[in-house]
Each structure stands twice: as C-alpha cells, then as structure tokens.
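Trainee: Enclosed is the structure file my_file_12.cif (mmCIF, C-alpha atoms).
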data_start
loop_
_atom_site.label_atom_id
_atom_site.label_comp_id
_atom_site.auth_asym_id
_atom_site.auth_seq_id
_atom_site.Cartn_x
_atom_site.Cartn_y
_atom_site.Cartn_z
CA MET A 130 -24.59 -8.17 -12.48
CA THR A 131 -22.22 -9.79 -15.01
CA PRO A 132 -19.56 -12.31 -13.89
CA GLN A 133 -16.86 -9.74 -14.71
CA ARG A 134 -18.45 -7.15 -12.44
CA ASN A 135 -18.94 -9.79 -9.74
CA ALA A 136 -15.20 -10.49 -9.99
CA VAL A 137 -14.44 -6.77 -9.55
CA TRP A 138 -16.28 -6.69 -6.22
CA SER A 139 -14.95 -10.04 -5.05
CA LEU A 140 -11.38 -9.00 -5.82
CA GLY A 141 -11.90 -5.79 -3.86
CA LEU A 142 -12.26 -7.81 -0.66
CA GLY A 143 -8.58 -8.74 -0.84
CA ALA A 144 -7.58 -5.07 -0.84
CA CYS A 145 -9.78 -4.51 2.21
CA GLY A 146 -8.07 -7.29 4.13
CA LEU A 147 -4.55 -6.25 3.13
CA ALA A 148 -5.26 -2.61 3.98
CA VAL A 149 -6.69 -3.39 7.42
CA SER A 150 -3.69 -5.54 8.29
CA ILE A 151 -0.88 -3.30 7.07
CA THR A 152 -2.51 -0.06 8.23
CA THR A 153 -3.01 -1.44 11.72
CA THR A 154 0.64 -2.47 11.98
CA ARG A 155 1.95 0.83 10.59
CA ALA A 156 -0.29 3.03 12.73
CA TYR A 157 -0.44 1.18 16.06
CA LEU A 158 2.75 -0.84 16.20
CA PRO A 159 4.86 2.35 16.69
CA PRO A 160 2.92 3.49 19.81
CA LEU A 161 3.08 -0.11 21.04
CA LEU A 162 6.86 -0.24 20.54
CA LYS A 163 7.18 3.17 22.21
CA HIS A 164 6.84 1.27 25.50
CA PHE A 165 10.13 -0.50 24.74
CA THR A 166 12.25 2.31 23.20
CA SER A 167 12.23 6.09 22.72
CA SER A 168 14.18 5.95 19.45
CA ALA A 169 12.05 6.89 16.43
CA THR A 170 14.76 5.47 14.19
CA LEU A 171 14.59 2.05 15.87
CA ILE A 172 10.79 2.00 15.68
CA ALA A 173 10.94 3.04 12.02
CA SER A 174 13.47 0.25 11.38
CA VAL A 175 11.00 -2.37 12.62
CA ILE A 176 8.24 -0.93 10.41
CA ALA A 177 10.61 -0.51 7.46
CA ALA A 178 11.63 -4.18 7.67
CA GLU A 179 8.52 -4.73 5.58
CA GLY A 180 10.55 -3.34 2.70
CA PHE A 181 13.02 -6.24 2.85
CA PHE A 182 10.25 -8.74 2.16
CA ALA A 183 8.73 -6.51 -0.51
CA LEU A 184 12.14 -6.32 -2.20
CA THR A 185 12.77 -10.05 -2.31
CA LEU A 186 9.74 -12.35 -2.19
CA PRO A 187 7.72 -10.83 -5.08
CA LEU A 188 10.60 -11.39 -7.52
CA VAL A 189 10.01 -15.12 -7.07
CA ILE A 190 6.32 -15.35 -6.16
CA GLY A 191 5.14 -13.08 -9.00
CA PRO A 192 6.67 -14.97 -11.96
CA TRP A 193 6.10 -18.32 -10.25
CA SER A 194 2.36 -17.55 -10.20
CA ASP A 195 2.53 -17.12 -14.01
CA THR A 196 3.51 -20.79 -14.38
CA PHE A 197 1.69 -22.46 -11.44
CA HIS A 198 -1.14 -24.13 -13.37
CA THR A 199 -3.07 -26.07 -10.72
CA PRO A 200 -6.74 -27.15 -10.79
CA MET A 201 -7.37 -24.22 -8.43
CA GLY A 202 -5.73 -21.78 -10.83
CA ARG A 203 -2.39 -19.98 -10.92
CA ARG A 204 -2.73 -17.21 -8.35
CA ARG A 205 -5.13 -18.40 -5.67
CA PRO A 206 -3.03 -21.27 -4.21
CA PHE A 207 -0.43 -18.72 -3.06
CA MET A 208 -3.12 -16.49 -1.59
CA LEU A 209 -4.66 -19.42 0.29
CA ALA A 210 -1.29 -20.45 1.73
CA ALA A 211 -0.73 -16.95 3.15
CA LEU A 212 -4.02 -16.65 5.06
CA GLY A 213 -2.99 -18.54 8.21
CA PRO A 214 0.33 -16.75 8.83
CA LEU A 215 -1.32 -13.37 8.15
CA SER A 216 -3.92 -13.80 10.89
CA PHE A 217 -1.49 -15.56 13.26
CA GLY A 218 1.04 -12.70 13.16
CA LEU A 219 -1.58 -10.00 13.71
CA ALA A 220 -3.21 -11.84 16.60
CA LEU A 221 0.05 -12.44 18.50
CA VAL A 222 2.20 -9.34 17.99
CA ALA A 223 0.63 -7.18 20.72
CA PHE A 224 1.19 -9.86 23.37
CA MET A 225 4.97 -10.00 22.93
CA PRO A 226 6.99 -9.00 26.04
CA THR A 227 9.96 -7.35 24.28
CA ILE A 228 10.67 -5.35 21.15
CA TRP A 229 12.69 -8.26 19.75
CA THR A 230 9.94 -10.87 20.06
CA ALA A 231 7.42 -8.39 18.64
CA THR A 232 9.79 -7.82 15.73
CA LEU A 233 10.12 -11.55 15.12
CA ILE A 234 6.34 -11.98 14.93
CA ILE A 235 5.86 -8.98 12.66
CA LEU A 236 8.55 -10.30 10.31
CA GLY A 237 6.49 -13.49 9.93
CA PHE A 238 3.45 -11.35 9.15
CA TYR A 239 5.39 -9.43 6.46
CA PHE A 240 6.50 -12.73 4.92
CA ALA A 241 2.89 -13.90 4.55
CA TYR A 242 1.75 -10.50 3.28
CA TYR A 243 4.15 -10.64 0.35
CA ILE A 244 3.21 -14.21 -0.47
CA TYR A 245 -0.39 -13.01 -0.88
CA GLU A 246 0.00 -9.65 -2.61
CA PRO A 247 1.83 -10.33 -5.95
CA PRO A 248 -0.54 -13.14 -7.09
CA TYR A 249 -3.49 -11.06 -5.91
CA ARG A 250 -2.34 -8.12 -8.05
CA GLY A 251 -1.73 -10.41 -11.03
CA LEU A 252 -5.21 -11.88 -10.70
CA TYR A 253 -6.83 -8.54 -11.59
CA PRO A 254 -5.84 -8.34 -15.29
CA ASP A 255 -6.46 -12.10 -15.58
CA VAL A 256 -10.18 -11.80 -14.81
CA VAL A 257 -11.05 -8.10 -15.37
CA PRO A 258 -11.39 -6.70 -18.93
CA PRO A 259 -9.35 -3.57 -19.87
CA SER A 260 -12.53 -1.48 -20.12
CA LEU A 261 -13.03 -1.96 -16.36
CA TYR A 262 -9.46 -1.34 -15.16
CA GLY A 263 -10.24 2.12 -13.80
CA ARG A 264 -13.54 1.10 -12.22
CA SER A 265 -11.99 -2.04 -10.75
CA GLN A 266 -9.43 0.12 -8.97
CA SER A 267 -12.22 2.43 -7.76
CA VAL A 268 -14.00 -0.55 -6.21
CA GLN A 269 -10.74 -1.79 -4.74
CA HIS A 270 -9.99 1.57 -3.19
CA ILE A 271 -13.51 2.12 -1.92
CA MET A 272 -12.96 -1.04 0.08
CA ARG A 273 -9.43 0.06 0.92
CA GLY A 274 -10.77 3.41 2.12
CA ALA A 275 -13.33 1.64 4.28
CA ALA A 276 -10.50 -0.51 5.62
CA LEU A 277 -8.41 2.58 6.41
CA GLY A 278 -11.35 3.97 8.37
CA LEU A 279 -11.79 0.72 10.26
CA ALA A 280 -8.08 0.37 11.01
CA LEU A 281 -7.22 3.99 11.77
CA VAL A 282 -10.36 5.35 13.39
CA GLY A 283 -11.80 2.21 14.96
CA GLY A 284 -8.30 1.04 15.80
CA GLY A 285 -7.61 4.27 17.67
CA PHE A 286 -10.57 3.78 19.98
CA LEU A 287 -9.78 0.09 20.42
CA PHE A 288 -6.13 0.89 21.19
CA LYS A 289 -7.22 3.30 23.91
CA VAL A 290 -9.38 0.61 25.54
CA TRP A 291 -6.86 -2.25 25.24
CA HIS A 292 -3.60 -2.19 23.29
CA PRO A 293 -3.97 -5.67 21.70
CA ALA A 294 -7.58 -4.96 20.58
CA PRO A 295 -6.87 -3.34 17.17
CA PHE A 296 -4.51 -6.19 16.24
CA LEU A 297 -7.02 -8.90 17.18
CA PHE A 298 -9.74 -7.04 15.26
CA ALA A 299 -7.45 -6.76 12.24
CA ALA A 300 -6.68 -10.49 12.39
CA VAL A 301 -10.38 -11.38 12.13
CA VAL A 302 -11.18 -8.86 9.36
CA THR A 303 -8.05 -9.72 7.36
CA THR A 304 -8.73 -13.44 7.41
CA ALA A 305 -12.35 -13.04 6.32
CA ALA A 306 -11.69 -10.41 3.63
CA CYS A 307 -8.56 -11.97 2.12
CA ALA A 308 -10.37 -15.30 1.89
CA GLY A 309 -12.99 -13.60 -0.33
CA PRO A 310 -11.05 -13.63 -3.63
CA VAL A 311 -9.83 -17.17 -2.94
CA LEU A 312 -13.36 -18.49 -2.50
CA LEU A 313 -15.37 -16.29 -4.89
CA VAL A 314 -13.12 -15.65 -7.92
CA ARG A 315 -12.76 -18.28 -10.62
CA GLU A 316 -9.67 -18.55 -12.78
CA GLU A 317 -8.62 -21.08 -15.39
CA GLY A 318 -6.99 -24.19 -13.97
CA GLY A 319 -4.46 -26.69 -15.25
CA GLN A 320 -2.17 -29.52 -14.19
CA SER A 321 1.43 -28.36 -14.83
CA ARG A 322 2.77 -27.11 -11.51
CA VAL A 323 5.98 -25.58 -12.78
CA PHE A 324 8.79 -24.26 -10.58
CA LYS A 325 11.73 -23.07 -12.67
CA GLY A 326 13.94 -22.12 -9.74
CA ILE A 327 14.56 -18.93 -7.78
CA ARG A 328 17.41 -17.80 -10.03
CA SER A 329 15.31 -18.24 -13.15
CA TYR A 330 12.43 -16.19 -11.75
CA VAL A 331 14.70 -13.39 -10.56
CA GLN A 332 16.37 -13.27 -13.99
CA LEU A 333 12.98 -13.16 -15.71
CA SER A 334 11.82 -10.31 -13.46
CA TRP A 335 15.00 -8.35 -14.19
CA HIS A 336 14.66 -9.04 -17.93
CA VAL A 337 11.07 -7.74 -17.97
CA PHE A 338 12.11 -4.67 -15.99
CA ARG A 339 14.90 -3.84 -18.46
CA ARG A 340 12.80 -4.51 -21.56
CA GLU A 341 9.79 -2.33 -20.65
CA PRO A 342 10.80 1.36 -20.31
CA GLU A 343 7.28 2.58 -19.60
CA VAL A 344 6.93 -0.01 -16.84
CA ARG A 345 10.23 1.25 -15.37
CA MET A 346 8.89 4.81 -15.32
CA PHE A 347 5.77 3.69 -13.50
CA LEU A 348 7.67 1.54 -11.00
CA THR A 349 9.95 4.43 -10.04
CA ALA A 350 6.92 6.65 -9.42
CA ASN A 351 5.20 3.83 -7.52
CA ALA A 352 8.17 3.50 -5.17
CA ALA A 353 7.89 7.23 -4.41
CA TRP A 354 4.15 7.03 -3.74
CA GLU A 355 4.47 3.99 -1.50
CA GLY A 356 7.40 5.47 0.42
CA THR A 357 5.38 8.59 1.23
CA PHE A 358 2.32 6.56 2.23
CA ALA A 359 4.38 4.28 4.48
CA ALA A 360 6.14 7.20 6.19
CA MET A 361 2.87 9.06 6.81
CA SER A 362 1.14 5.93 8.14
CA THR A 363 4.04 5.28 10.51
CA PHE A 364 4.20 8.72 12.12
CA VAL A 365 0.80 10.38 11.77
CA VAL A 366 -0.51 9.24 15.17
CA LEU A 367 2.73 10.19 16.93
CA TYR A 368 2.76 13.56 15.12
CA ILE A 369 -0.70 14.47 16.40
CA THR A 370 -0.43 13.03 19.92
CA LYS A 371 3.24 13.84 20.65
CA GLY A 372 4.12 16.63 18.22
CA LEU A 373 0.90 18.65 18.56
CA ASN A 374 0.05 17.40 22.07
CA GLN A 375 -3.49 16.45 21.12
CA PRO A 376 -5.58 13.64 22.63
CA LEU A 377 -6.00 10.40 20.74
CA TRP A 378 -9.54 11.32 19.64
CA VAL A 379 -8.11 14.19 17.55
CA SER A 380 -5.83 11.79 15.69
CA SER A 381 -8.82 9.50 15.14
CA ALA A 382 -10.84 12.43 13.75
CA VAL A 383 -7.98 13.41 11.44
CA LEU A 384 -7.67 9.84 10.22
CA ALA A 385 -11.44 9.70 9.68
CA THR A 386 -11.15 12.81 7.50
CA VAL A 387 -8.33 11.19 5.53
CA ALA A 388 -10.35 8.00 5.11
CA ALA A 389 -13.37 10.01 3.93
CA GLY A 390 -11.24 11.82 1.35
CA TYR A 391 -9.81 8.50 0.24
CA VAL A 392 -13.29 7.04 -0.28
CA VAL A 393 -14.43 10.10 -2.26
CA ALA A 394 -11.35 9.70 -4.47
CA ALA A 395 -12.03 5.99 -4.89
CA ILE A 396 -15.61 6.62 -6.04
CA ALA A 397 -14.77 9.41 -8.51
CA ALA A 398 -11.27 8.62 -9.76
CA GLY A 399 -11.96 5.32 -11.58
CA PRO A 400 -14.74 6.50 -13.92
CA LEU A 401 -12.90 9.80 -14.48
CA GLY A 402 -9.66 7.97 -15.28
CA ASP A 403 -11.39 5.58 -17.69
CA ARG A 404 -12.88 8.61 -19.46
CA ILE A 405 -9.92 11.03 -19.77
CA GLY A 406 -6.92 8.85 -18.98
CA LEU A 407 -5.50 7.35 -15.78
CA ALA A 408 -2.07 8.98 -16.13
CA ARG A 409 -3.61 12.40 -16.76
CA VAL A 410 -5.71 12.28 -13.59
CA ILE A 411 -2.74 11.06 -11.53
CA PHE A 412 -0.56 13.85 -12.98
CA TYR A 413 -2.84 16.71 -11.92
CA ALA A 414 -3.77 15.19 -8.55
CA SER A 415 -0.07 14.90 -7.67
CA PHE A 416 0.33 18.69 -7.57
CA VAL A 417 -2.39 19.02 -4.92
CA TYR A 418 -1.08 16.01 -3.01
CA GLY A 419 2.57 17.06 -2.91
CA GLY A 420 1.81 20.76 -2.40
CA GLY A 421 -0.52 19.98 0.49
CA LEU A 422 2.18 17.95 2.25
CA VAL A 423 4.65 20.83 1.89
CA VAL A 424 2.18 23.21 3.54
CA ALA A 425 1.56 20.67 6.33
CA GLY A 426 5.15 21.18 7.51
CA PHE A 427 4.52 24.76 8.69
CA PRO A 428 1.93 24.50 11.52
CA GLU A 429 3.21 24.15 15.08
CA HIS A 430 -0.17 24.10 16.81
CA TRP A 431 -3.46 22.37 16.09
CA HIS A 432 -6.50 24.30 14.81
CA THR A 433 -9.92 22.83 14.04
CA TYR A 434 -10.08 24.43 10.59
CA TYR A 435 -7.21 22.15 9.50
CA PHE A 436 -9.86 19.52 8.79
CA GLY A 437 -10.96 21.61 5.80
CA LEU A 438 -7.39 21.65 4.47
CA ILE A 439 -6.72 17.97 5.11
CA PHE A 440 -9.74 16.73 3.16
CA PRO A 441 -8.81 17.93 -0.39
CA VAL A 442 -5.23 16.74 0.07
CA ALA A 443 -6.59 13.35 1.15
CA VAL A 444 -8.78 13.26 -1.98
CA ALA A 445 -5.75 14.04 -4.17
CA GLY A 446 -3.59 11.43 -2.45
CA GLY A 447 -6.38 8.88 -2.66
CA THR A 448 -6.74 9.59 -6.38
CA VAL A 449 -3.06 8.87 -7.00
CA MET A 450 -3.15 5.63 -5.02
CA THR A 451 -6.47 4.53 -6.54
CA LEU A 452 -5.42 4.78 -10.18
CA ALA A 453 -1.79 3.69 -9.87
CA TRP A 454 -2.24 -0.05 -10.45
CA GLY A 455 -4.88 0.50 -13.13
CA LEU A 456 -2.25 2.42 -15.10
CA LEU A 457 0.23 -0.42 -14.61
CA PHE A 458 -2.31 -2.93 -15.95
CA LYS A 459 -2.33 -0.94 -19.21
CA LEU A 460 1.46 -1.11 -19.42
CA MET A 461 2.09 -4.80 -18.66
CA PRO A 462 2.34 -7.51 -21.36
CA PRO A 463 -0.30 -10.23 -20.69
CA GLU A 464 2.25 -13.06 -20.57
CA HIS A 465 4.18 -11.40 -17.74
CA ARG A 466 1.38 -10.12 -15.50
CA GLY A 467 2.55 -12.06 -12.47
CA ALA A 468 6.19 -11.13 -13.03
CA ILE A 469 5.44 -7.43 -13.41
CA SER A 470 3.10 -7.48 -10.41
CA GLY A 471 6.00 -9.00 -8.49
CA VAL A 472 8.48 -6.39 -9.72
CA ALA A 473 5.98 -3.64 -8.91
CA THR A 474 5.66 -4.96 -5.37
CA THR A 475 9.45 -5.13 -5.15
CA THR A 476 9.91 -1.50 -6.20
CA LYS A 477 7.19 -0.63 -3.73
CA GLY A 478 9.50 -2.29 -1.21
CA PHE A 479 12.17 0.34 -1.84
CA GLY A 480 9.65 2.98 -0.81
CA LEU A 481 8.52 0.99 2.22
CA LEU A 482 12.12 0.48 3.32
CA ILE A 483 13.39 4.00 2.70
CA GLY A 484 10.30 6.12 3.47
CA PRO A 485 9.84 5.39 7.22
CA LEU A 486 13.61 5.30 7.81
CA VAL A 487 14.21 8.70 6.19
CA ALA A 488 11.22 10.21 8.00
CA GLY A 489 12.31 8.72 11.33
CA ALA A 490 15.90 9.91 10.88
CA ALA A 491 14.66 13.38 9.86
CA HIS A 492 12.62 13.53 13.05
CA ASP A 493 15.58 12.55 15.22
CA VAL A 494 17.79 15.19 13.56
CA ALA A 495 15.13 17.94 13.73
CA ALA A 496 13.88 17.25 17.27
CA PRO A 497 16.46 19.50 19.03
CA TYR A 498 15.65 22.40 16.68
CA LEU A 499 11.87 22.12 16.18
CA LYS A 500 11.07 21.84 19.87
CA THR A 501 7.45 22.98 19.65
CA THR A 502 6.48 19.84 17.73
CA ASP A 503 9.36 17.68 19.01
CA GLY A 504 10.64 17.60 15.40
CA TYR A 505 7.58 15.82 13.99
CA GLN A 506 6.58 18.64 11.61
CA VAL A 507 9.64 17.95 9.44
CA ILE A 508 8.08 14.64 8.39
CA TRP A 509 5.56 16.30 6.06
CA PRO A 510 7.95 18.13 3.67
CA VAL A 511 10.08 14.97 3.68
CA CYS A 512 6.97 13.05 2.57
CA ALA A 513 6.13 15.68 -0.05
CA LEU A 514 9.45 15.42 -1.88
CA PRO A 515 8.91 11.95 -3.47
CA ILE A 516 5.42 12.94 -4.65
CA LEU A 517 6.71 16.08 -6.35
CA LEU A 518 9.70 14.28 -7.89
CA ALA A 519 7.39 11.64 -9.38
CA ILE A 520 5.33 14.21 -11.31
CA PRO A 521 7.68 14.35 -14.35
CA LEU A 522 7.70 10.54 -14.49
CA VAL A 523 3.90 10.46 -14.64
CA GLY A 524 4.01 13.22 -17.26
CA SER A 525 6.16 10.99 -19.46
CA LEU A 526 3.40 8.33 -19.38
CA LEU A 527 0.61 10.60 -20.62
CA GLY A 528 1.19 9.36 -24.18
CA VAL A 529 0.33 5.80 -23.14
CA GLU A 530 -3.33 6.80 -23.41
CA PRO A 531 -3.39 8.86 -26.62
CA SER A 532 -7.19 8.84 -26.85
CA GLY A 533 -8.30 9.63 -23.33
CA GLY A 534 -8.72 6.41 -21.43
CA ALA A 535 -8.52 4.18 -24.49
CA GLU A 536 -6.21 1.28 -24.69
CA PRO A 537 -2.88 1.96 -26.38
CA GLN A 538 -2.69 0.63 -29.88
CA PRO A 539 0.01 -1.85 -30.81
CA GLY A 540 2.95 -0.25 -32.56
#
As structure tokens, how would this structure be written, given the file I've shared?
Mentor:
Amino acid sequence: MTPQRNAVWSLGLGACGLAVSITTTRAYLPPLLKHFTSSATLIASVIAAEGFFALTLPLVIGPWSDTFHTPMGRRRPFMLAALGPLSFGLALVAFMPTIWTATLIILGFYFAYYIYEPPYRGLYPDVVPPSLYGRSQSVQHIMRGAALGLALVGGGFLFKVWHPAPFLFAAVVTTAACAGPVLLVREEGGQSRVFKGIRSYVQLSWHVFRREPEVRMFLTANAAWEGTFAAMSTFVVLYITKGLNQPLWVSSAVLATVAAGYVVAAIAAGPLGDRIGLARVIFYASFVYGGGLVVAGFPEHWHTYYFGLIFPVAVAGGTVMTLAWGLLFKLMPPEHRGAISGVATTTKGFGLLIGPLVAGAAHDVAAPYLKTTDGYQVIWPVCALPILLAIPLVGSLLGVEPSGGAEPQPG
C-alpha cells in the first residue's frame, strides 16, 4: 500500500472518533436530560449549543492552522491539544446531578471538538492527492458509518443497562481513534509558529468566503445537510420510543438499518463520484433523501416493513454526507485549505444551531394536534425541507466537474 493510501486510512480514524463522540451526545444526551426537564425545546437548546462553537472557533482555528508551521506540522498540534478535553467531557457528562452542570460539561466537550475538526479537515487535501478525494471520503465514511453503528446501536443497549455506559465507551473510542491521525499521519514541518491575531483570521475567513462564489454555494448546502442530520440525530430515539411507543430495541434496530445504509453508501459513493462527478451523485441522491424524509412524516404507527423503506433513504443520505467534503476539496484554493475548512465548519454550525431548535420547536407546537405520535412525526418533513432546498445549489455546482470526476481546469 502506498504512503498516500496509508494516509487515507489513517485519516479515516479521526472521522470514526469524531462520529462516535458527537453521535453519542446527540442521541443519548436528550433521553438523559429528559430526567431533568420535559421541554423538548430546552433539550434541543443544549444540543444546539454545539452550533455556537461551530460558528466561532473554526474562523480562528482554521486559518491559524494554515500558518502554524511547527516541527510537528501545521494541523496536528491543534488536534493533539483537543484530545484530553474531548475524552474528559464525554466521560463526565452522564454523572452530572443537574441539567446545568451537564450543560457546562458538554459545552467544554463542544469547545474541544471544534479545536480538533477544522485542522483535521484541512489535513486531508494536504496529504491526499486529488485523484483520491472521492475514495478518501468513502474510507472516512465507512469508518464514520461503523462509528454510527457503535454509537447508536451499541449505545442503545449500553444506555439500557447503565445510563453513563455509552458516554464512557465513547470517551475510550474517541480518544483512541482521534489519536490515530496525530500519530500515524506525517505532514511537512517548520519553525515559524505564526499567530496573526483573532481579528486577522476572522477577516481572512470572511474575505475567502466573499471571493469564492462556488465555495459559498457549497457552504450554504452544507449548512442545510448538517442541520437536517443534527435534528434527526437529536430526536430519532425519542420519536421511536415516545412518538411510536416502541421499546428501545426497535430504535436500535432502526439505527442499525440506518448505519448499514450509511456504510453501503460510503463503499459505493466514492468510486462512483470519482468516475462521474461528486456533485452529480450528490444531486441525484438528494431527491431520494429529501423525498424519503417527507414520506416519513405520514406514519402514526410502527410497522416492520418500514425497515425496507428506511434503508434506501439511509443510502441516499449517506451518499450526500460521504461526498460533501470531497466536493469542497475540489473547490478550495490550496493556500486557504485551513481557512475554508474553518469556514465550512462554521457554516455547518448554522445548521447545528438551527436544525435541532427548529425541530424541537416544531414538536412542541405540533404536540397538541398530532396526539398519536405526541407531535414527533412533524420532525421528518421539517428535516426534509433543507435537503430539498439545497438541490438547486448542488445543481449549480455540476459544472465544476465538466469531465465527469476530473479536476476543473484553470480558467
């Protein structure tokens, strides 16, 4: 295996660790907080607080990692610094006695998460050649799909046995997996540890955002995708257990089906995207993804055959999420990879902040009227809307890959 392909697999470990940590908090923090409050809006506010950190920290950390030339490299020092707080927050949150102390701990976890993620994203185009962008994202999302299965399915059984168990498990897996890229990936080093100031980095991020129209199109679509994913992750367990009155094992089986669809998408989407174009595959998959979520808003009772309907929608959603960052890698200028990775994480923050809040508020408004499901069924058409609205934006990016999956030629 070549060093470049070794780097692809080593980088994928970071995605596994991040996915285990954030999926565990989104899926099992709400039922944990349900012991302290019955308000879905308040619970969603705690989860959506992630968006505040996603909106702010990456604007500084991303461009800073472009200029942080240490002997260890530019990106990995930030990733190393985040490892301790990541595991610490996950390990402690389930032992907090009130909603306010739990919130304080989870805010520290979010802070560390967004120290790690922008440099990690920027490391990809630094060490992976353009010909492997699609495949690198397939590998990343195969590991992410495995992480979703571990966090959602395994976490469900662990949560039933002991509420802190999924969080302690996530702390161990996250620490080990996120350490992988730090220890195994090699990047060019240097001696000029530059810090230009917070204002300078924010201005640079804004300048890059204004100067790159195709990047802006992608970032708007990315915010929509992330908002939907965050809202679904926050309420899916409550929807099945409270809205459909099913036991926890049914939610675990549903999540296993979603994870399986995600892995299938991760395996197939990268090579397909490299062959016919990443934007083109995302464009067509979005119709199945968004349409499936619209249909999911109609059922009021659970039926076993729903598994057969969930799987193709999960494959379509997994395809969109798998190829998204690979498409961004094709759009970003090499000198601003860290900055654009930071801005992309920031726009993702808008989705993370708005998605769970809108879904939670929609539930609270609909609950008196949709009594059969306690209002939870309204969440799915609310989640579908951003996916469908992003389709024209993706369509405008089809010309970025004029010859299938080939690199765009300089103008």
Trainee: For the file shown, what are the residues hit by the PyMOL selection byres ((chain A and resi 474) around 12), laid out as an mmCIF file with C-alpha atoms, in the frame of the given file?
Mentor:
data_model
loop_
_atom_site.group_PDB
_atom_site.id
_atom_site.type_symbol
_atom_site.label_atom_id
_atom_site.label_comp_id
_atom_site.auth_asym_id
_atom_site.auth_seq_id
_atom_site.Cartn_x
_atom_site.Cartn_y
_atom_site.Cartn_z
ATOM 1 C CA GLU A 179 8.520 -4.730 5.580
ATOM 2 C CA GLY A 180 10.550 -3.340 2.700
ATOM 3 C CA PHE A 181 13.020 -6.240 2.850
ATOM 4 C CA PHE A 182 10.250 -8.740 2.160
ATOM 5 C CA ALA A 183 8.730 -6.510 -0.510
ATOM 6 C CA LEU A 184 12.140 -6.320 -2.200
ATOM 7 C CA THR A 185 12.770 -10.050 -2.310
ATOM 8 C CA LEU A 186 9.740 -12.350 -2.190
ATOM 9 C CA PRO A 187 7.720 -10.830 -5.080
ATOM 10 C CA LEU A 188 10.600 -11.390 -7.520
ATOM 11 C CA VAL A 189 10.010 -15.120 -7.070
ATOM 12 C CA ILE A 190 6.320 -15.350 -6.160
ATOM 13 C CA GLY A 191 5.140 -13.080 -9.000
ATOM 14 C CA TYR A 242 1.750 -10.500 3.280
ATOM 15 C CA TYR A 243 4.150 -10.640 0.350
ATOM 16 C CA ILE A 244 3.210 -14.210 -0.470
ATOM 17 C CA TYR A 245 -0.390 -13.010 -0.880
ATOM 18 C CA GLU A 246 0.000 -9.650 -2.610
ATOM 19 C CA PRO A 247 1.830 -10.330 -5.950
ATOM 20 C CA PRO A 248 -0.540 -13.140 -7.090
ATOM 21 C CA TYR A 249 -3.490 -11.060 -5.910
ATOM 22 C CA ARG A 250 -2.340 -8.120 -8.050
ATOM 23 C CA GLY A 251 -1.730 -10.410 -11.030
ATOM 24 C CA SER A 334 11.820 -10.310 -13.460
ATOM 25 C CA PHE A 347 5.770 3.690 -13.500
ATOM 26 C CA LEU A 348 7.670 1.540 -11.000
ATOM 27 C CA THR A 349 9.950 4.430 -10.040
ATOM 28 C CA ASN A 351 5.200 3.830 -7.520
ATOM 29 C CA ALA A 352 8.170 3.500 -5.170
ATOM 30 C CA GLU A 355 4.470 3.990 -1.500
ATOM 31 C CA TRP A 454 -2.240 -0.050 -10.450
ATOM 32 C CA LEU A 457 0.230 -0.420 -14.610
ATOM 33 C CA GLY A 467 2.550 -12.060 -12.470
ATOM 34 C CA ALA A 468 6.190 -11.130 -13.030
ATOM 35 C CA ILE A 469 5.440 -7.430 -13.410
ATOM 36 C CA SER A 470 3.100 -7.480 -10.410
ATOM 37 C CA GLY A 471 6.000 -9.000 -8.490
ATOM 38 C CA VAL A 472 8.480 -6.390 -9.720
ATOM 39 C CA ALA A 473 5.980 -3.640 -8.910
ATOM 40 C CA THR A 475 9.450 -5.130 -5.150
ATOM 41 C CA THR A 476 9.910 -1.500 -6.200
ATOM 42 C CA LYS A 477 7.190 -0.630 -3.730
ATOM 43 C CA GLY A 478 9.500 -2.290 -1.210
ATOM 44 C CA PHE A 479 12.170 0.340 -1.840
ATOM 45 C CA GLY A 480 9.650 2.980 -0.810
ATOM 46 C CA LEU A 481 8.520 0.990 2.220
#
Trainee: From the list A:Ser150, A:Thr448, A:Ser194, A:Gln266, which residue is nearest Leu279 (chain A) when using only C-alpha atoms?
Mentor: A:Ser150
Trainee: Which polymer residues have any atom within 12 Å of an atom of Met225 (chain A), counting only C-alpha atoms, with same-chain residues fewer than 5 positions away left out, as a ChimeraX atom specification?
Mentor: /A:158,161-162,164-165,218-220,230-235,292-293
Trainee: Output the selection as a PDB file, in the frame of the given file - C-alpha atoms for each residue.
Mentor:
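Result saved to out-v8.pdb:
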ATOM      1  CA  LEU A 158       2.750  -0.840  16.200  1.00  0.00           C
ATOM      2  CA  LEU A 161       3.080  -0.110  21.040  1.00  0.00           C
ATOM      3  CA  LEU A 162       6.860  -0.240  20.540  1.00  0.00           C
ATOM      4  CA  HIS A 164       6.840   1.270  25.500  1.00  0.00           C
ATOM      5  CA  PHE A 165      10.130  -0.500  24.740  1.00  0.00           C
ATOM      6  CA  GLY A 218       1.040 -12.700  13.160  1.00  0.00           C
ATOM      7  CA  LEU A 219      -1.580 -10.000  13.710  1.00  0.00           C
ATOM      8  CA  ALA A 220      -3.210 -11.840  16.600  1.00  0.00           C
ATOM      9  CA  THR A 230       9.940 -10.870  20.060  1.00  0.00           C
ATOM     10  CA  ALA A 231       7.420  -8.390  18.640  1.00  0.00           C
ATOM     11  CA  THR A 232       9.790  -7.820  15.730  1.00  0.00           C
ATOM     12  CA  LEU A 233      10.120 -11.550  15.120  1.00  0.00           C
ATOM     13  CA  ILE A 234       6.340 -11.980  14.930  1.00  0.00           C
ATOM     14  CA  ILE A 235       5.860  -8.980  12.660  1.00  0.00           C
ATOM     15  CA  HIS A 292      -3.600  -2.190  23.290  1.00  0.00           C
ATOM     16  CA  PRO A 293      -3.970  -5.670  21.700  1.00  0.00           C
TER      17      PRO A 293
END
Trainee: Do a neighbour search on Thr433 (chain A) at 12 Å with all atoms listed in the file, toss out local chain neighbours closer than 2 positions, and write the hits as a list of chain:residue names.
Mentor: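 With the cut-off at 12 Å, the set is A:Gln375, A:Val379, A:Ser380, A:Ala382, A:Val383, A:His430, A:Trp431, A:Tyr435, A:Phe436, A:Gly437, A:Leu438, A:Ile439.
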Trainee: Determine, counting only C-alpha atoms, which protein, DNA and RNA residues have an atom within 12 Å of an atom of region 365-371 of chain A; residues of the same chain fewer than 4 positions away are not included. Present the result as number ranges by chain.
Mentor: A: 152-153, 155-163, 167, 169, 172-173, 281-282, 284-285, 288, 357-361, 375-384, 387, 425-426, 428-432, 485, 488-489, 492, 496, 500-509, 512
